[in-house]
Amino acid sequence: MSVNLTLLTVMGALYACGIYLLLERSLTRVLLGLMLLANATNLLILATGGYAGLAPLFDKATDPRDYNDPLPQALILTSIVISFAVTAFMLGIIYRTWVLARQDEIQDDAEDRRVAETPSFDAEDDAVIPVETSEFPLVAAGPADTADGGGPEETVRAGARHMPAAEAAAEEQPGSRTVDPDPEGGQK
Amino acid sequence: MITVLAVHFAVAAVAPFLFRRLGRNAFYVLAAVPAGSFIWLALQHGAVYSDAGSTGAVLPWIPDLGLELAFRMDALAWVMSLLVLGVGALVLVYCARYFKSKDSYLGGFGAQLLAFAGAMFGLVTADDLLLMFIFWELTTVLSYLLIGYARTRLSARRSALQALVVTTAGGLAMLVGLIMLGSAAGTYRISALLAAAPELVDGPAAEAVAVAVVLILAGAVTKSALVPFHFWLPGAMAAPTPVSAYLHAAAMVKAGIYLVARLAPGFAETTFWLPVVLGLGLATMLVGGYRALRQTDIKLILAYGTVSQLGFLTMVVGLGQPDAALAGLALLLAHGLFKATLFLVVGIIDHQAGTRDVRKLSGVYRSSRALGVVAAIGAASMAGVPPLAGFVAKESVFEAFVHHAETGPWGLAALAGLVLGSILTFAYSARFMWGAFALKPGVEPTPFKAIKPAFLAAPALLSLLTIVYGLWPVPVDAWIQPYAALFDGGDGAGHLALWHGITPALGLTAVTFALGLAMFYGRNAVARAQSLVPAWFDADRSYQLTIGALDDAAVWITGRTQRGSLFFYLAVILTVAFVLPLTALVLADKPLPGGLYFVDPGSPLQLVVGAGIVIGALAAVRANKRFLAVLMVSVTGYGIALMFALQGAPDLALTQMLVETIILVAFVLAMRSLPAELRDRTGGKYRVIRVIIGAAFGLTMVFVAIYAMGSRVATPVSLEFPRLAYEGGGGLNVVNVTLVDIRAWDTFGEISVLALAATGVASLIFVRGRGDQIGPSADVAEGSVGRRPGRTANTRDNAALAMSRRFAAATRDAWLVAGRTLAPERRSIIFEVVTRLVFHSMIVFSIYLLLAGHNLPGGGFAGGLMAGLALTIRYLAGGRFELREATPVGAGALLGIGLATAAASGVAPLLLGGQVFQTAVIELWLPVFGDIKFVTSTIFDIGVYIVVVGLALDVLRSLGAEIDEHFENQPESGAEGQELPEEPGDGPAGAADRPAESTTGGNA
């Protein structure tokens, strides 16, 4: 099996550039990176066909080995058109992002960051439960007394910060107010 | 048996409808189910206690897995079923007066309670380990729902979850144990397992069996709330009291006891059995009794009492001796009777007085003497006072452990612990009665509503049974004897009796009463002593700490791994993607394969083209203008087209050229509103990382490719393709025949993807609908499309604008159908003329490519792209109405027609008796054309062609026409459309340079 180093070197360079662009914040560059990656992959498939040869147009007199391998060609043809469709789709996404948020950048996911900031206090798990000595509290006279009552200003640790316990409970709700939303992120 | 189960679940399923119709009285209907089953059970007595010893029923379920619905009713199952069905029916009757009709979720609650009774019945009668496990988990889930009945109360939700977590954790361990046991024995049938137990316990797999049994015991320990998992049971008292009475006294917590009892005849001899059962049982009994003395809520006194009793039961049932087995089941029944009574009494007190607090209740006995008597019977039975059931059972327990004490110091310790536990039991029983009913000095008598007889019926009946059982234990003894006989030396079990004579056991009972009474009368001293002891190890607290630590760890790990940064994720993925293969390559240490070459003798020009591609790619990376970067990527694309041509792939070269061109136009159309500047905003540190990852990845790919290709040994399958294409596919162009015939399925999949992507693009831009309906150009006012809003004077743009307006009056020259709709400054007369000249030629050429593709370079893809390019030119020259005039059929319709054509060409051969996508060659003669060889796969290619045209049209309509309209509708945004590129078909330079310049500063 022959290996065409020229093709592979060019392929390697395209992969390198493609990955470099892919790791960028700008959506346009990410798309360009993807296109380079597609081109690189096409070259890789092409290289599997071996030496350059005749165009695979059948001729009875020609030995099949003299053609350039038609199978990788068929695969690449498919890949080219699919890449076109994907590129068009990405362009649609980029345009829509621009229309909605006026930016062409990949934002950090605010929800993920909120999860990282989630306080260890969880109202469902950790709030003090008042002692209930009846299932029929309406009948009972007098208020239910609270057990070893935490002070009203009990604070809990949330990530690196301390916050009042009452606010920590609200933290469980989506769109909590204690984590600053990104100035550009979130919905408009 | 199966009918009983089925009826339980079926009635449970319709229970909500019953409640809607009957209100709370529907509980009576539900109670009829276990009550009827109870009668059936009584009728089964003859069969179960015949010589056969059991009845059974087996239904095949999943034969391939050896799973069967196997049920078996023997003495143990029968006794357990008595408790489950009997108490179940009484509790349901009680519920009918406990709840109010207007209570919400009552239908679901009733259904769950009845289903629970069914599941519990299934659990005790299942004869298959896995089937039993299914019922086991069913009870766990139902208990979760029942405990959480008061869903608005935090305490109910949390305790329900706690019970679920603890019992499921044990259940999982148990599942592992069951599977280990089942595979060691080669059967999951419980009866067969027990029969084979002696060989298993002493056989080669003895250690595995011992471990399996410990794992199964873990399930029992969590389910029956033994130390250290006892804390969930008091927590579960957040459930409505009938639920506590049933689940946490008579039924569910007994499941663990049942499991121990079920396995004890075979596996009590295994290594870890006695230490686990006796150790944990005793500890639980003492801890439960100790803590019961500290509670002020009468329900919690009972709860801790139950914990204590469960430990007690586990010890007795698990001892593995016939007399203990007899005593254990006797105690189990007695406990079910008195504990259910007491819980129901507590429910009545709570219901009528509105509190369960010992410190608030006072004088309840005066208000309701009947209730007091019922409760007293229950409590006395719990304390073991003669002549009640508890006394009979406890007497035989003492008997058994007095025997056991003769085995050594451990036996003696167990007996001592048992006596201590019984003393505590006596003390908290007395404390319960005092707390619930006594008239306390200094506390005003609790207001107490009168009790309706129907409400009191269930506990009264239970207490009556307690008395009957105590006075006449003979039938109970007869029920249990067959079970006790399963143990070695089974005939030495003795008998239950009220009076055994003066025995050591009686002496121990006397000691218990004396010390228990002393503890009750000295209760203030006891309380002081207890308060002095520091709160020792608190299992509930440590559970919460564990769960909290888990939560923290989860948040910590999530926070470290889910950073929300795409860069981070990709970097990790890509790093793995190159580190792993690279490591493998280095470790494998293989020499480079032969056959490497730089210069292909067939096409040395590749070197030059390759250099061009690399330069283009590097320039794309460095470019800081948006369109420059796009252009540079195009350079690599066109370079690759050249590379294809040099390699001997004309089809690819053609397609790549066309695609690059259309992509370039699409890019310009989509990005005209974005700022021209394309700054690299990632910082220096990250840039270094990116360079490293990129370079390493590229390098890895090169080496992977070299080794992969170098290791190829077989002849390429494609050597056969030319012949196949010619003979089978009837075409000369091997690549095209491969696409439409040899690998037609692939291509069909691909055009489906194209249709999806096209629809995706359209929906991203149009958002609502496909936007296929655009009015005809005839309705559009002249020169109204793409008008530029007024600009300030003195700009160069403006001068050019004025100039073009002066010259653009040639509306009568209808070179294009809809050209007149464009604003004058947008029109280019040269462009219109050229379009007019080339459009039809391009369409014809595209059809030529399509039809000739079978034998010459071309085909559906290339043809479709060519047609798309023709449409592009038409749109650029004449605007969106021109595009509409050019395509009377919508893009969606085109995609559909194309897919349908391709699909039809695939299915048609099937109808004609061939295979999917089979090709036929039809030769015919036509006038003018002469002999024609028509290959049916051409029809498939036509479908491909139409889909590609549809895709191109969708791109133009979305990224072109619709975005045009967005601009015109919001002119003040300042991001108006500028002059569009001309002649994109000519080459990249003309197409992208101008927009790249003219968008500068045109952003918002």
# chains A, B, ... in the order shown; residues from 1 in each chain; ligands from 1

call {"tool": "interface_residues", "arguments": {"of": "chain A", "to": "chain B", "cutoff": "6 Å", "atoms": "only C-alpha atoms", "output": "ChimeraX atom specification"}}
result
/A:1-6,8,10,12,15-16,19-20,23,52-58,64,68,70-71,74,77,85,89,92,108-109,112,116,120,133-134,136,139-140

call {"tool": "atom_distance", "arguments": {"atom1": "atom CA of Lys254 of chain B", "atom2": "atom CA of Leu138 of chain B"}}
result
14.7 Å

call {"tool": "residues_around", "arguments": {"residues": "Val947 of chain B", "least_positions_apart": "5", "cutoff": "8 Å", "atoms": "only C-alpha atoms", "output": "compact mmCIF listing (two decimals) with N, CA and C atoms, in the first residue's frame"}}
result
# COMPACT_ATOMS: atom_id res chain seq x y z
N ILE B 751 -29.38 12.29 0.75
CA ILE B 751 -30.30 13.34 0.30
C ILE B 751 -31.38 13.60 1.35
N LEU B 754 -29.84 16.13 3.40
CA LEU B 754 -29.89 17.42 2.72
C LEU B 754 -31.25 18.08 2.91
N ALA B 755 -32.29 17.28 2.74
CA ALA B 755 -33.63 17.85 2.90
C ALA B 755 -33.82 18.37 4.32
N GLY B 864 -27.44 19.43 -10.06
CA GLY B 864 -28.25 20.21 -9.15
C GLY B 864 -27.54 21.45 -8.68
N LEU B 894 -39.99 21.11 -3.79
CA LEU B 894 -38.89 20.50 -4.54
C LEU B 894 -38.25 19.39 -3.71
N LEU B 895 -37.98 19.69 -2.44
CA LEU B 895 -37.35 18.67 -1.59
C LEU B 895 -38.22 17.43 -1.53
N GLY B 896 -39.52 17.66 -1.35
CA GLY B 896 -40.43 16.52 -1.25
C GLY B 896 -40.48 15.73 -2.54
N ILE B 897 -40.59 16.44 -3.67
CA ILE B 897 -40.67 15.74 -4.95
C ILE B 897 -39.39 14.94 -5.18
N GLY B 898 -38.26 15.57 -4.87
CA GLY B 898 -36.97 14.89 -5.08
C GLY B 898 -36.89 13.62 -4.26
N LEU B 899 -37.23 13.73 -2.98
CA LEU B 899 -37.16 12.55 -2.11
C LEU B 899 -38.13 11.49 -2.60

call {"tool": "select_by_dssp", "arguments": {"residues": "segment 510-733 of chain B", "states": "helix (DSSP H, G or I)", "output": "NGL selection string"}}
result
:B and (510-521 or 523-532 or 539-561 or 566-588 or 606-622 or 626-647 or 650-671 or 684-710 or 717-727)

call {"tool": "decode", "arguments": {"residues": "segment 125-139 of chain A", "atoms": "N, CA and C atoms", "output": "compact mmCIF listing (two decimals), in the first residue's frame"}}
result
# COMPACT_ATOMS: atom_id res chain seq x y z
N ASP A 125 -33.87 19.68 51.65
CA ASP A 125 -33.12 18.71 52.43
C ASP A 125 -32.75 19.22 53.82
N ASP A 126 -32.48 20.50 53.92
CA ASP A 126 -31.79 20.98 55.11
C ASP A 126 -32.58 21.94 55.98
N ALA A 127 -33.71 22.43 55.50
CA ALA A 127 -34.44 23.37 56.33
C ALA A 127 -34.90 22.67 57.61
N VAL A 128 -35.01 23.46 58.67
CA VAL A 128 -35.46 22.88 59.93
C VAL A 128 -36.95 22.61 59.84
N ILE A 129 -37.32 21.39 60.16
CA ILE A 129 -38.75 21.06 60.09
C ILE A 129 -39.37 21.33 61.45
N PRO A 130 -40.45 22.05 61.47
CA PRO A 130 -41.13 22.22 62.76
C PRO A 130 -41.66 20.87 63.24
N VAL A 131 -41.59 20.67 64.53
CA VAL A 131 -42.10 19.41 65.08
C VAL A 131 -43.61 19.40 64.97
N GLU A 132 -44.14 18.38 64.35
CA GLU A 132 -45.59 18.30 64.20
C GLU A 132 -46.09 17.19 65.11
N THR A 133 -46.98 17.53 65.98
CA THR A 133 -47.49 16.48 66.85
C THR A 133 -48.93 16.15 66.51
N SER A 134 -49.38 16.59 65.34
CA SER A 134 -50.73 16.22 64.94
C SER A 134 -50.87 16.30 63.44
N GLU A 135 -51.71 15.43 62.90
CA GLU A 135 -52.04 15.55 61.49
C GLU A 135 -53.23 16.47 61.29
N PHE A 136 -53.78 16.93 62.37
CA PHE A 136 -54.97 17.76 62.27
C PHE A 136 -54.68 19.10 62.93
N PRO A 137 -53.75 19.85 62.39
CA PRO A 137 -53.23 21.03 63.08
C PRO A 137 -54.30 22.10 63.25
N LEU A 138 -55.33 22.11 62.42
CA LEU A 138 -56.34 23.15 62.56
C LEU A 138 -57.10 23.00 63.86
N VAL A 139 -57.24 21.77 64.29
CA VAL A 139 -57.95 21.52 65.53
C VAL A 139 -57.09 21.94 66.72
